[in-house]
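Printed here is model-v8.json (JSON, C-alpha atoms):
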```
[["chain", "number", "residue", "atom", "x", "y", "z"],
["A", 1393, "MET", "CA", 192.94, 245.14, -11.15],
["A", 1394, "THR", "CA", 193.49, 245.13, -14.87],
["A", 1395, "THR", "CA", 191.86, 242.86, -17.33],
["A", 1396, "LYS", "CA", 193.63, 241.69, -20.46],
["A", 1397, "SER", "CA", 190.51, 240.63, -22.22],
["A", 1398, "ASN", "CA", 189.01, 242.50, -25.11],
["A", 1399, "PRO", "CA", 185.23, 242.62, -24.70],
["A", 1400, "SER", "CA", 184.34, 242.16, -28.36],
["A", 1401, "GLU", "CA", 186.72, 239.20, -28.70],
["A", 1402, "ASP", "CA", 185.32, 237.75, -25.49],
["A", 1403, "LEU", "CA", 181.74, 238.02, -26.69],
["A", 1404, "LYS", "CA", 182.67, 236.44, -30.02],
["A", 1405, "HIS", "CA", 184.36, 233.59, -28.18],
["A", 1406, "ILE", "CA", 181.31, 233.11, -25.93],
["A", 1407, "ARG", "CA", 178.99, 233.00, -28.92],
["A", 1408, "GLN", "CA", 181.21, 230.50, -30.75],
["A", 1409, "MET", "CA", 181.50, 228.24, -27.74],
["A", 1410, "MET", "CA", 177.74, 228.31, -27.12],
["A", 1411, "GLU", "CA", 177.13, 227.28, -30.71],
["A", 1412, "ALA", "CA", 179.92, 224.71, -30.94],
["A", 1413, "SER", "CA", 178.89, 223.05, -27.68],
["A", 1414, "SER", "CA", 175.21, 222.73, -28.52],
["A", 1415, "LYS", "CA", 175.11, 222.18, -32.27],
["A", 1416, "PHE", "CA", 176.39, 219.72, -34.81],
["A", 1417, "LEU", "CA", 178.11, 221.90, -37.38],
["A", 1418, "SER", "CA", 180.09, 219.37, -39.41],
["A", 1419, "LEU", "CA", 177.34, 218.87, -41.97],
["A", 1420, "SER", "CA", 178.82, 218.93, -45.42],
["A", 1421, "GLY", "CA", 177.13, 220.38, -48.48],
["A", 1422, "LEU", "CA", 178.61, 217.47, -50.43],
["A", 1423, "SER", "CA", 176.49, 215.04, -48.42],
["A", 1424, "GLY", "CA", 173.37, 216.87, -49.62],
["A", 1425, "ILE", "CA", 174.57, 216.46, -53.19],
["A", 1426, "ALA", "CA", 175.33, 212.76, -52.62],
["A", 1427, "VAL", "CA", 171.94, 212.07, -51.02],
["A", 1428, "GLY", "CA", 170.20, 213.89, -53.87],
["A", 1429, "SER", "CA", 172.11, 211.90, -56.49],
["A", 1430, "PHE", "CA", 171.18, 208.59, -54.89],
["A", 1431, "ALA", "CA", 167.53, 209.70, -54.84],
["A", 1432, "LEU", "CA", 167.65, 210.67, -58.52],
["A", 1433, "ALA", "CA", 169.32, 207.37, -59.43],
["A", 1434, "GLY", "CA", 166.73, 205.46, -57.41],
["A", 1435, "ALA", "CA", 163.83, 207.29, -59.03],
["A", 1436, "ALA", "CA", 165.33, 206.68, -62.50],
["A", 1437, "ILE", "CA", 165.77, 202.96, -61.78],
["A", 1438, "ALA", "CA", 162.19, 202.77, -60.49],
["A", 1439, "TYR", "CA", 160.67, 204.55, -63.44],
["A", 1440, "PHE", "CA", 162.78, 203.44, -66.42],
["A", 1441, "ILE", "CA", 163.84, 199.92, -65.42],
["A", 1442, "ILE", "CA", 161.31, 198.55, -62.94],
["A", 1443, "LEU", "CA", 158.24, 200.28, -64.36],
["A", 1444, "LYS", "CA", 159.62, 200.15, -67.93],
["A", 1445, "GLY", "CA", 158.99, 203.84, -68.55],
["A", 1446, "GLY", "CA", 155.55, 203.79, -66.96],
["A", 1447, "THR", "CA", 154.18, 201.00, -69.14],
["A", 1448, "VAL", "CA", 153.99, 198.53, -66.27],
["A", 1449, "LYS", "CA", 150.62, 198.68, -64.55],
["A", 1450, "TYR", "CA", 150.22, 197.34, -61.05],
["A", 1451, "ASN", "CA", 147.39, 196.74, -58.62],
["A", 1452, "GLU", "CA", 146.90, 197.68, -54.98],
["A", 1453, "PHE", "CA", 149.15, 194.81, -53.86],
["A", 1454, "ILE", "CA", 152.03, 196.08, -56.06],
["A", 1455, "GLN", "CA", 151.63, 193.15, -58.41],
["A", 1456, "VAL", "CA", 151.98, 193.67, -62.13],
["A", 1457, "VAL", "CA", 148.68, 193.24, -63.93],
["A", 1458, "ASN", "CA", 149.66, 193.62, -67.58],
["A", 1459, "TYR", "CA", 152.81, 191.48, -67.94],
["A", 1460, "GLY", "CA", 151.71, 188.07, -66.69],
["A", 1461, "GLN", "CA", 153.63, 186.05, -64.14],
["A", 1462, "ASN", "CA", 157.24, 187.01, -64.75],
["A", 1463, "ASP", "CA", 157.34, 190.27, -62.87],
["A", 1464, "HIS", "CA", 159.69, 191.31, -60.12],
["A", 1465, "LEU", "CA", 158.04, 194.56, -59.25],
["A", 1466, "ARG", "CA", 157.90, 194.11, -55.47],
["A", 1467, "SER", "CA", 161.41, 192.75, -54.99],
["A", 1468, "GLY", "CA", 162.76, 195.28, -57.48],
["A", 1469, "MET", "CA", 161.18, 198.20, -55.65],
["A", 1470, "LEU", "CA", 162.34, 196.89, -52.28],
["A", 1471, "LEU", "CA", 165.93, 196.39, -53.47],
["A", 1472, "ASN", "CA", 165.87, 199.80, -55.10],
["A", 1473, "ALA", "CA", 164.64, 201.40, -51.86],
["A", 1474, "LEU", "CA", 167.35, 199.66, -49.84],
["A", 1475, "PHE", "CA", 169.96, 200.75, -52.37],
["A", 1476, "VAL", "CA", 168.89, 204.40, -52.12],
["A", 1477, "LEU", "CA", 168.59, 204.34, -48.33],
["A", 1478, "SER", "CA", 171.94, 202.67, -47.64],
["A", 1479, "GLY", "CA", 173.73, 204.70, -50.32],
["A", 1480, "ALA", "CA", 172.36, 207.96, -48.93],
["A", 1481, "LEU", "CA", 173.14, 207.06, -45.31],
["A", 1482, "LEU", "CA", 176.67, 205.80, -45.96],
["A", 1483, "SER", "CA", 177.70, 208.60, -48.29],
["A", 1484, "SER", "CA", 176.34, 211.40, -46.10],
["A", 1485, "TRP", "CA", 177.87, 209.82, -43.00],
["A", 1486, "TYR", "CA", 181.24, 209.54, -44.67],
["A", 1487, "LEU", "CA", 181.19, 213.06, -46.11],
["A", 1488, "CYS", "CA", 180.20, 214.63, -42.77],
["A", 1489, "TYR", "CA", 182.89, 212.59, -41.04],
["A", 1490, "ARG", "CA", 185.50, 213.76, -43.54],
["A", 1491, "ASN", "CA", 184.29, 217.34, -43.16],
["A", 1492, "SER", "CA", 184.66, 217.23, -39.38],
["A", 1493, "LYS", "CA", 188.20, 215.84, -39.72],
["A", 1494, "LYS", "CA", 189.10, 218.56, -42.18],
["A", 1495, "ARG", "CA", 187.87, 221.26, -39.83],
["A", 1496, "ASN", "CA", 189.47, 219.59, -36.83],
["A", 1497, "GLN", "CA", 186.11, 219.14, -35.15],
["A", 1498, "LYS", "CA", 185.03, 216.12, -33.19],
["A", 1499, "PHE", "CA", 182.47, 214.11, -35.13],
["A", 1500, "TRP", "CA", 180.44, 212.01, -32.70],
["A", 1501, "THR", "CA", 179.78, 214.76, -30.16],
["A", 1502, "PRO", "CA", 176.79, 214.85, -27.79],
["A", 1503, "SER", "CA", 175.14, 217.36, -30.13],
["A", 1504, "ALA", "CA", 175.73, 215.05, -33.12],
["A", 1505, "GLN", "CA", 174.07, 212.26, -31.15],
["A", 1506, "LYS", "CA", 171.14, 214.49, -30.24],
["A", 1507, "MET", "CA", 170.74, 215.58, -33.85],
["A", 1508, "VAL", "CA", 170.85, 212.03, -35.22],
["A", 1509, "TRP", "CA", 168.40, 210.90, -32.54],
["A", 1510, "SER", "CA", 165.95, 213.75, -33.20],
["A", 1511, "LEU", "CA", 166.14, 213.04, -36.95],
["A", 1512, "PHE", "CA", 165.75, 209.28, -36.80],
["A", 1513, "SER", "CA", 163.06, 209.14, -34.13],
["A", 1514, "VAL", "CA", 160.68, 210.99, -36.44],
["A", 1515, "LEU", "CA", 161.97, 209.22, -39.55],
["A", 1516, "SER", "CA", 161.37, 205.75, -38.09],
["A", 1517, "VAL", "CA", 157.79, 206.63, -37.25],
["A", 1518, "GLY", "CA", 157.44, 207.93, -40.81],
["A", 1519, "GLY", "CA", 159.03, 204.77, -42.22],
["A", 1520, "ALA", "CA", 156.69, 202.56, -40.22],
["A", 1521, "PHE", "CA", 153.73, 204.68, -41.30],
["A", 1522, "CYS", "CA", 154.71, 204.34, -44.98],
["A", 1523, "LEU", "CA", 155.08, 200.56, -44.65],
["A", 1524, "LEU", "CA", 151.61, 200.43, -43.08],
["A", 1525, "LEU", "CA", 150.24, 202.49, -45.98],
["A", 1526, "VAL", "CA", 151.78, 199.96, -48.36],
["A", 1527, "TYR", "CA", 150.32, 197.12, -46.31],
["A", 1528, "HIS", "CA", 146.85, 198.59, -46.77],
["A", 1529, "GLY", "CA", 147.42, 199.49, -50.40],
["A", 1530, "TYR", "CA", 147.51, 203.28, -50.14],
["A", 1531, "PHE", "CA", 150.48, 203.67, -52.49],
["A", 1532, "LYS", "CA", 149.48, 207.03, -53.76],
["A", 1533, "LEU", "CA", 150.10, 208.56, -50.37],
["A", 1534, "VAL", "CA", 153.51, 206.97, -49.74],
["A", 1535, "ALA", "CA", 155.58, 209.61, -51.57],
["A", 1536, "ALA", "CA", 153.66, 212.41, -49.83],
["A", 1537, "SER", "CA", 154.08, 210.78, -46.42],
["A", 1538, "MET", "CA", 157.81, 210.31, -46.96],
["A", 1539, "LEU", "CA", 158.21, 213.99, -47.84],
["A", 1540, "LEU", "CA", 156.07, 215.14, -44.91],
["A", 1541, "PHE", "CA", 157.76, 212.97, -42.30],
["A", 1542, "TYR", "CA", 161.20, 213.79, -43.67],
["A", 1543, "GLY", "CA", 160.41, 217.50, -43.41],
["A", 1544, "LEU", "CA", 159.18, 217.09, -39.83],
["A", 1545, "ALA", "CA", 162.28, 215.07, -38.94],
["A", 1546, "LEU", "CA", 164.53, 217.78, -40.39],
["A", 1547, "LEU", "CA", 162.66, 220.48, -38.52],
["A", 1548, "ASN", "CA", 163.09, 218.51, -35.31],
["A", 1549, "ALA", "CA", 166.82, 218.04, -35.96],
["A", 1550, "SER", "CA", 167.49, 221.61, -37.05],
["A", 1551, "LYS", "CA", 167.62, 222.85, -33.46],
["A", 1552, "TYR", "CA", 170.78, 220.79, -32.95],
["A", 1553, "SER", "CA", 172.43, 221.93, -36.15],
["A", 1554, "MET", "CA", 172.52, 224.79, -38.60],
["A", 1555, "GLN", "CA", 169.36, 226.85, -38.45],
["A", 1556, "ASN", "CA", 169.00, 226.94, -42.25],
["A", 1557, "ILE", "CA", 168.10, 223.23, -42.24],
["A", 1558, "SER", "CA", 164.60, 224.40, -41.30],
["A", 1559, "ALA", "CA", 164.33, 226.00, -44.77],
["A", 1560, "LEU", "CA", 165.01, 222.58, -46.30],
["A", 1561, "ALA", "CA", 162.44, 221.12, -43.89],
["A", 1562, "TYR", "CA", 159.68, 223.53, -44.95],
["A", 1563, "THR", "CA", 160.46, 222.91, -48.62],
["A", 1564, "GLN", "CA", 160.09, 219.15, -48.18],
["A", 1565, "MET", "CA", 156.86, 219.55, -46.23],
["A", 1566, "SER", "CA", 155.38, 221.86, -48.88],
["A", 1567, "LEU", "CA", 156.22, 219.31, -51.56],
["A", 1568, "GLY", "CA", 154.66, 216.67, -49.31],
["A", 1569, "LEU", "CA", 151.40, 218.59, -49.15],
["A", 1570, "LEU", "CA", 151.49, 219.12, -52.92],
["A", 1571, "ALA", "CA", 152.03, 215.39, -53.37],
["A", 1572, "THR", "CA", 149.05, 214.70, -51.11],
["A", 1573, "PHE", "CA", 146.87, 216.88, -53.31],
["A", 1574, "PHE", "CA", 148.30, 215.80, -56.69],
["A", 1575, "HIS", "CA", 148.72, 212.20, -55.63],
["A", 1576, "ASN", "CA", 149.25, 210.95, -59.19],
["A", 1577, "TYR", "CA", 152.49, 212.95, -59.29],
["A", 1578, "GLY", "CA", 153.92, 211.32, -56.17],
["A", 1579, "LEU", "CA", 157.06, 209.91, -57.78],
["A", 1580, "LEU", "CA", 157.74, 213.16, -59.61],
["A", 1581, "LEU", "CA", 157.41, 215.29, -56.47],
["A", 1582, "TRP", "CA", 159.39, 212.74, -54.47],
["A", 1583, "THR", "CA", 162.19, 213.00, -57.03],
["A", 1584, "LEU", "CA", 161.98, 216.77, -56.89],
["A", 1585, "GLY", "CA", 162.16, 216.82, -53.06],
["A", 1586, "PHE", "CA", 164.64, 214.07, -52.28],
["A", 1587, "GLY", "CA", 166.68, 214.53, -55.44],
["A", 1588, "VAL", "CA", 166.68, 218.02, -56.89],
["A", 1589, "VAL", "CA", 166.07, 219.99, -53.67],
["A", 1590, "HIS", "CA", 168.85, 218.09, -51.83],
["A", 1591, "ILE", "CA", 171.28, 218.82, -54.63],
["A", 1592, "ILE", "CA", 170.40, 222.51, -54.78],
["A", 1593, "TYR", "CA", 170.62, 222.81, -50.99],
["A", 1594, "GLY", "CA", 173.90, 220.87, -50.96],
["A", 1595, "VAL", "CA", 175.47, 223.08, -53.62],
["A", 1596, "ALA", "CA", 174.38, 226.23, -51.75],
["A", 1597, "MET", "CA", 175.80, 224.88, -48.47],
["A", 1598, "TYR", "CA", 179.00, 223.80, -50.18],
["A", 1599, "PHE", "CA", 179.70, 227.28, -51.46],
["A", 1600, "LYS", "CA", 178.59, 228.94, -48.23],
["A", 1601, "TYR", "CA", 180.48, 226.78, -45.70],
["A", 1602, "ASP", "CA", 182.68, 224.02, -47.11],
["A", 1603, "ARG", "CA", 184.75, 226.16, -49.39],
["A", 1604, "LYS", "CA", 185.63, 228.54, -46.57],
["A", 1605, "ALA", "CA", 186.93, 225.77, -44.33],
["B", 507, "MET", "CA", 189.72, 252.89, -14.98],
["B", 508, "LYS", "CA", 187.49, 251.58, -12.26],
["B", 509, "THR", "CA", 184.27, 252.46, -14.03],
["B", 510, "ILE", "CA", 185.37, 250.65, -17.17],
["B", 511, "ILE", "CA", 185.82, 247.28, -15.50],
["B", 512, "GLU", "CA", 182.85, 247.61, -13.21],
["B", 513, "GLY", "CA", 180.60, 244.58, -13.44],
["B", 514, "LEU", "CA", 183.26, 242.37, -14.97],
["B", 515, "ASN", "CA", 183.75, 239.26, -12.90],
["B", 516, "LYS", "CA", 187.31, 238.13, -12.33],
["B", 517, "ASN", "CA", 186.11, 234.54, -12.19],
["B", 518, "PHE", "CA", 185.64, 234.79, -15.95],
["B", 519, "ASP", "CA", 188.76, 236.68, -16.94],
["B", 520, "ASN", "CA", 190.18, 233.82, -18.94],
["B", 521, "ARG", "CA", 189.34, 232.13, -22.25],
["B", 522, "VAL", "CA", 189.08, 228.63, -20.83],
["B", 523, "ARG", "CA", 186.65, 229.79, -18.16],
["B", 524, "LEU", "CA", 184.60, 231.73, -20.70],
["B", 525, "GLY", "CA", 184.43, 228.56, -22.80],
["B", 526, "ILE", "CA", 183.35, 226.41, -19.86],
["B", 527, "MET", "CA", 180.65, 228.91, -18.91],
["B", 528, "SER", "CA", 179.37, 229.28, -22.48],
["B", 529, "ALA", "CA", 179.06, 225.52, -22.90],
["B", 530, "LEU", "CA", 177.27, 225.15, -19.57],
["B", 531, "MET", "CA", 174.89, 228.01, -20.31],
["B", 532, "VAL", "CA", 173.39, 226.27, -23.33],
["B", 533, "ASN", "CA", 173.62, 222.61, -22.27],
["B", 534, "GLU", "CA", 171.94, 220.87, -19.36],
["B", 535, "GLY", "CA", 175.12, 219.19, -18.21],
["B", 536, "VAL", "CA", 178.49, 218.72, -19.86],
["B", 537, "GLU", "CA", 181.01, 215.95, -19.22],
["B", 538, "PHE", "CA", 184.66, 216.57, -18.52],
["B", 539, "ASN", "CA", 185.84, 214.94, -21.75],
["B", 540, "THR", "CA", 183.34, 216.86, -23.88],
["B", 541, "LEU", "CA", 184.61, 220.13, -22.40],
["B", 542, "LYS", "CA", 188.18, 219.02, -23.04],
["B", 543, "ASP", "CA", 187.49, 218.28, -26.71],
["B", 544, "LEU", "CA", 185.52, 221.47, -27.15],
["B", 545, "LEU", "CA", 188.10, 223.77, -25.65],
["B", 546, "GLY", "CA", 191.19, 221.88, -26.79],
["B", 547, "VAL", "CA", 192.99, 222.16, -23.45],
["B", 548, "THR", "CA", 194.91, 219.70, -21.31],
["B", 549, "ASP", "CA", 193.32, 217.70, -18.49],
["B", 550, "GLY", "CA", 195.30, 219.59, -15.84],
["B", 551, "ASN", "CA", 194.49, 223.03, -17.19],
["B", 552, "LEU", "CA", 190.78, 222.27, -17.49],
["B", 553, "ALA", "CA", 190.66, 220.62, -14.06],
["B", 554, "SER", "CA", 192.22, 223.61, -12.33],
["B", 555, "HIS", "CA", 189.76, 226.04, -13.92],
["B", 556, "LEU", "CA", 186.83, 223.80, -13.07],
["B", 557, "LYS", "CA", 188.08, 223.58, -9.49],
["B", 558, "GLY", "CA", 188.26, 227.36, -9.29],
["B", 559, "LEU", "CA", 184.74, 227.80, -10.63],
["B", 560, "GLU", "CA", 183.49, 225.12, -8.25],
["B", 561, "LYS", "CA", 185.07, 226.81, -5.24],
["B", 562, "ALA", "CA", 183.46, 230.10, -6.25],
["B", 563, "GLY", "CA", 180.08, 228.33, -6.21],
["B", 564, "ILE", "CA", 179.53, 228.97, -9.91],
["B", 565, "ILE", "CA", 179.39, 225.37, -11.11],
["B", 566, "ALA", "CA", 178.31, 222.12, -9.49],
["B", 567, "VAL", "CA", 180.11, 218.81, -9.96],
["B", 568, "HIS", "CA", 178.26, 215.54, -10.47],
["B", 569, "LYS", "CA", 180.22, 212.33, -10.10],
["B", 570, "GLN", "CA", 178.69, 209.01, -10.97],
["B", 571, "PHE", "CA", 179.56, 205.63, -12.37],
["B", 572, "ILE", "CA", 178.43, 204.58, -15.81],
["B", 573, "GLY", "CA", 179.00, 200.86, -15.60],
["B", 574, "LYS", "CA", 182.47, 200.69, -14.07],
["B", 575, "LYS", "CA", 183.71, 203.97, -15.51],
["B", 576, "PRO", "CA", 183.68, 207.06, -13.34],
["B", 577, "ASN", "CA", 181.96, 209.94, -15.07],
["B", 578, "THR", "CA", 182.15, 213.57, -14.08],
["B", 579, "SER", "CA", 179.80, 216.19, -15.40],
["B", 580, "TYR", "CA", 179.21, 219.82, -14.59],
["B", 581, "THR", "CA", 176.23, 222.12, -14.39],
["B", 582, "LEU", "CA", 175.83, 225.79, -13.56],
["B", 583, "THR", "CA", 174.45, 226.78, -10.18],
["B", 584, "GLY", "CA", 171.67, 229.37, -10.07],
["B", 585, "ASP", "CA", 174.13, 231.89, -8.73],
["B", 586, "GLY", "CA", 176.66, 230.99, -11.45],
["B", 587, "LYS", "CA", 174.08, 231.66, -14.15],
["B", 588, "LYS", "CA", 173.33, 235.09, -12.66],
["B", 589, "GLN", "CA", 177.00, 235.97, -12.38],
["B", 590, "PHE", "CA", 177.77, 234.99, -15.95],
["B", 591, "SER", "CA", 174.76, 236.85, -17.33],
["B", 592, "SER", "CA", 175.82, 240.04, -15.58],
["B", 593, "HIS", "CA", 179.37, 239.48, -16.86],
["B", 594, "ILE", "CA", 178.04, 239.31, -20.43],
["B", 595, "ASN", "CA", 175.96, 242.44, -19.82],
["B", 596, "ALA", "CA", 179.06, 244.22, -18.56],
["B", 597, "LEU", "CA", 181.00, 243.17, -21.66],
["B", 598, "GLU", "CA", 178.22, 244.48, -23.88],
["B", 599, "LYS", "CA", 178.12, 247.76, -21.96],
["B", 600, "LEU", "CA", 181.87, 248.08, -22.46],
["B", 601, "LEU", "CA", 181.45, 247.66, -26.20],
["B", 602, "LYS", "CA", 178.86, 250.43, -26.29],
["B", 603, "SER", "CA", 180.86, 252.85, -24.15],
["B", 604, "PRO", "CA", 182.61, 255.58, -26.17],
["B", 605, "ASP", "CA", 186.11, 254.84, -24.83],
["B", 606, "LYS", "CA", 185.92, 251.15, -25.42],
["B", 607, "ASN", "CA", 189.55, 250.97, -26.43],
["B", 608, "VAL", "CA", 190.69, 251.51, -22.85],
["B", 609, "HIS", "CA", 191.82, 248.23, -21.32]]
```

Translate this file's structure into structure tokens.
Amino acid sequence: MTTKSNPSEDLKHIRQMMEASSKFLSLSGLSGIAVGSFALAGAAIAYFIILKGGTVKYNEFIQVVNYGQNDHLRSGMLLNALFVLSGALLSSWYLCYRNSKKRNQKFWTPSAQKMVWSLFSVLSVGGAFCLLLVYHGYFKLVAASMLLFYGLALLNASKYSMQNISALAYTQMSLGLLATFFHNYGLLLWTLGFGVVHIIYGVAMYFKYDRKA
Amino acid sequence: MKTIIEGLNKNFDNRVRLGIMSALMVNEGVEFNTLKDLLGVTDGNLASHLKGLEKAGIIAVHKQFIGKKPNTSYTLTGDGKKQFSSHINALEKLLKSPDKNVH
């Protein structure tokens, strides 16, 4: 009996197939950059337009206290949040989809489904928790909770995707803890985590993976 | 010659079969179409390799209906797992052996 196979090629093939069959690898660095940009835009809109550069003061029910009746703080913040969320979701979805097409990989694979599920199960609990904080007037903890739950969601999802996502997860969670301690700097740390960190991570991923493909 | 290929399992002497085994090692159960997309092979080719592995008692076939669509998925048998692990060990041993260039 002779065997045509080359053991080192075989082992490489086995390793590749194990990874490709169990992990979602079509993540694009560009989607990190897009998500970060939406977060930065959202934070800028919140601070400079809705809060008028920090001059607008509001109470525990997010109602303006120093500008009289004609405020649109709540609806403005809500619209802004929806803008950031939908922009981030759509752009990252599209960029990952395009990336998978470019690399000739299937997009909506069982591992992609598992990854999305493991991400969004934790994120929805976090989202509900943040809305409940708002309901009870604990605004100062919202930014911290978003960072913490987002980090936990990423950590949960990282087992179905690239391992280095866990580094992003721990960064977000550390910022979340910082924001819990320095709760007056919530918006700043939120912007740092969801904006700047995403962009840095996205650029690093882009040069590490996307450019090679 | 004989010592070099000792431990290698002829059930896994082909890329498609290696791919099937690798996917089944790290997933609880994989559907036919997922395997097809992953390996980029034709239905017929994949089916014949799956049949061979099934006959050797390495994989188990699970047929069920999801709604009205028939759905076939595959898992490794306990014996199949053992056989593939020792195949990988044999490959690794080959790599470490001094005359690894002998085929």

Residue list for chain A near chain B as a short mmCIF file (atom, residue, chain, number, x, y, z; two decimals) with C-alpha atoms, in the coordinates of the input, 8 Å, all atoms listed in the file:
```
data_model
loop_
_atom_site.label_atom_id
_atom_site.label_comp_id
_atom_site.auth_asym_id
_atom_site.auth_seq_id
_atom_site.Cartn_x
_atom_site.Cartn_y
_atom_site.Cartn_z
CA THR A 1394 193.49 245.13 -14.87
CA THR A 1395 191.86 242.86 -17.33
CA LYS A 1396 193.63 241.69 -20.46
CA SER A 1397 190.51 240.63 -22.22
CA ASN A 1398 189.01 242.50 -25.11
CA PRO A 1399 185.23 242.62 -24.70
CA SER A 1400 184.34 242.16 -28.36
CA ASP A 1402 185.32 237.75 -25.49
CA LEU A 1403 181.74 238.02 -26.69
CA HIS A 1405 184.36 233.59 -28.18
CA ILE A 1406 181.31 233.11 -25.93
CA ARG A 1407 178.99 233.00 -28.92
CA MET A 1409 181.50 228.24 -27.74
CA MET A 1410 177.74 228.31 -27.12
CA ALA A 1412 179.92 224.71 -30.94
CA SER A 1413 178.89 223.05 -27.68
CA SER A 1414 175.21 222.73 -28.52
CA LYS A 1498 185.03 216.12 -33.19
CA THR A 1501 179.78 214.76 -30.16
CA PRO A 1502 176.79 214.85 -27.79
#
```

**Prompt:** CA of Ser1492 in chain A to CA of Tyr1552 in chain A: how many Å, to one decimal?
**Reply:**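 Atom-to-atom, CA of Ser1492 in chain A to CA of Tyr1552 in chain A, that is 15.7 Å.
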
**Message:** When you look at Ser579 in chain B with a cut-off of 7 Å (counting all atoms listed in the file), what residues show up, excluding the ones that are within fewer than 5 positions of it in the same chain? I need them as a PyMOL selection string.
**Reply:** chain B and resi 535-538+567-569

**Asked** Mind pulling up the distance from CA of Ile1557 in chain A to CA of Ser1423 in chain A?
**Response** 13.3 Å

**Message:** Taking 3 positions as the minimum chain separation for residues in the same chain, which residues sit within 7 Å of Ile564 in chain B when counting all atoms listed in the file? Answer as a PyMOL selection string.
**Reply:** chain B and resi 559-560+582-583+585-586

**Request:** State, in Å with one decimal place, the distance from CA of Val522 in chain B to CA of Ala553 in chain B.
**Result:**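 Calculated distance between CA of Val522 in chain B and CA of Ala553 in chain B is 10.6 Å.
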
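Counting only C-alpha atoms, the residue from B:His593, B:Lys588, B:Lys574, B:Lys542 that sits nearest to Asn517 in chain B is B:His593.
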
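Proximity of A:Trp1485, A:Tyr1601, A:Tyr1459, A:Phe1416 to Gln1497 in chain A, computed with all atoms listed in the file, is greatest for A:Phe1416.
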